[in-house]
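K.L.:
One structure coming up, written as structure tokens, with questions to follow.
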Amino acid sequence: MQICPKDCIRMEEDTEGFLYPVIDEEKCIHCGLCENVCPVVNRQERTYTEHVYAASSTDEELLKKSSSGGMFGVLAEYVLKQGGVIFGCSFDEKMELRHMSAQTIDECSAFHGSKYVQSNTRNTYKECKKYLEDGREVLYVGTPCQIAGLKSYLRKVYDNLLAVELLCHGVPSPGVFRQ
């Protein structure tokens, strides 16, 4: 959706509440960008690392408000000290989970903890790319499919991007969460 130069793609919920792209064929110029960056259509080759590390914050207060050892808070603080921007997800006033950006530790507080439902990335890929092109450090946290979508959207490797994939065993739909 975010790559479309004519903004002719919108995301609509299916009967279970999952978001899927719908193309306005009258506005579409058939440039193919959406198909080129779609991680579902163009599956990327999996790469595996030889080294895996485990880490946990030593900050007791951070551990209390976090999950997964508090590493989000540690990474967020580091990136913010570099003048960077953090992308994570939190619930809005309607209890819908949405990705958004933060530029202070206080703004990041809603990103802590597990959410157990699919978030809407909205226009955060576009926003992330702008910060990256401006030379800012960026931390983007999401599920593996969201990070695959971001990397495919960006279409190049940025040294100033720290993309963190959460472990994911599948997420329930926002429709199930609302019910």
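Order determines the names: the first chain of the structure tokens is A, the second B, and so forth; residues in each chain are numbered 1 upward, and ligands are numbered 1 upward as they are shown.
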Report the residues of segment 22-127 of chain A whose backbone DSSP state falls under alpha helix (DSSP H), written as a list in words.

P.N.:
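Selection result, alpha helix (DSSP H) within segment 22-127 of chain A: Leu33, Cys34, Glu35, Asn36, Val37, Glu60, Glu61, Leu62, Leu63, Lys64, Met71, Phe72, Gly73, Val74, Leu75, Ala76, Glu77, Tyr78, Val79, Leu80, Lys81, Ile105, Asp106, Glu107, Cys108, Thr124, Tyr125, Lys126 and Glu127 of chain A.
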
K.L.:
For His99 of chain A, work out the shell of residues within 10 Å, counting only C-alpha atoms and skipping chain neighbours fewer than 4 positions away, then give it as an NGL selection string.

P.N.:
:A and (87-92 or 111 or 119-125 or 140-142)

K.L.:
Which is closer to Leu97 of chain A than all the others in A:Thr58, A:Ser152, A:Gln179, A:Gln118, using only C-alpha atoms?

P.N.:
A:Gln118

K.L.:
Please identify all polymer residues within 12 Å of Val37 of chain A, counting only C-alpha atoms, omitting same-chain residues fewer than 2 positions from it, and present them as a ChimeraX atom specification.

P.N.:
/A:1-4,31-35,39-44,125,148-156

K.L.:
Please identify which residues in segment 19-88 of chain A DSSP calls strand (DSSP E or B) from the backbone, and express them as a list in words.

P.N.:
Leu19, Tyr20, Pro21, Val22, Ile23, Val85, Ile86, Phe87 and Gly88 of chain A

K.L.:
Can you list, as a list in words, every protein, DNA or RNA residue that comes within 12 Å of Val74 of chain A when you count only C-alpha atoms, leaving out same-chain residues fewer than 3 positions away?

P.N.:
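Counting only the stated atoms, we get Ala55, Ser56, Ser57, Thr58, Asp59, Glu61, Leu62, Leu63, Ser66, Ser68, Gly69, Gly70, Met71, Glu77, Tyr78, Val79, Leu80, Lys81, Ile86, Ile105, Cys108, His112 and Leu139 of chain A.
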
K.L.:
Can you work out the spacing between atom CA of Gly84 of chain A and atom CA of Gly170 of chain A in Å, to one decimal?

P.N.:
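For atom CA of Gly84 of chain A relative to atom CA of Gly170 of chain A, the distance reads 29.6 Å.
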
K.L.:
Could you name the residues that touch Val22 of chain A at 12 Å or less, counting only C-alpha atoms, but leaving out those on the same chain fewer than 4 positions away, as number ranges by chain?

P.N.:
A: 1, 4, 7-14, 27-28, 34

K.L.:
Please determine, counting only C-alpha atoms, which residue among A:Met95, A:Leu132, A:Ala110, A:Val85 has the shortest atom-to-atom distance to Lys65 of chain A.

P.N.:
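That would be A:Ala110, the residue with the smallest distance to Lys65 of chain A.
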
K.L.:
Here is a test: counting only C-alpha atoms, which residue of A:Gly113, A:Glu25, A:Glu16, A:Glu50 is nearest to Lys64 of chain A?

P.N.:
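Between A:Gly113, A:Glu25, A:Glu16, A:Glu50, the residue approaching Lys64 of chain A most closely is A:Gly113.
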
K.L.:
Restricting the calculation to only C-alpha atoms, which member of A:Glu60, A:Glu96, A:Glu127, A:Glu133 is positioned closest to Gly175 of chain A?

P.N.:
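Distance minimum relative to Gly175 of chain A lands on A:Glu96.
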
K.L.:
Would you compute the distance between atom CA of Asn36 of chain A and atom CA of His169 of chain A? Give it in Å to one decimal.

P.N.:
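Taking atom CA of Asn36 of chain A and atom CA of His169 of chain A, their separation equals 26.3 Å.
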
K.L.:
Report, in Å to a single decimal, how far apart atom CA of Phe72 of chain A and atom CA of Val176 of chain A are.

P.N.:
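According to the coordinates, atom CA of Val176 of chain A and atom CA of Phe72 of chain A are separated by 26.6 Å.
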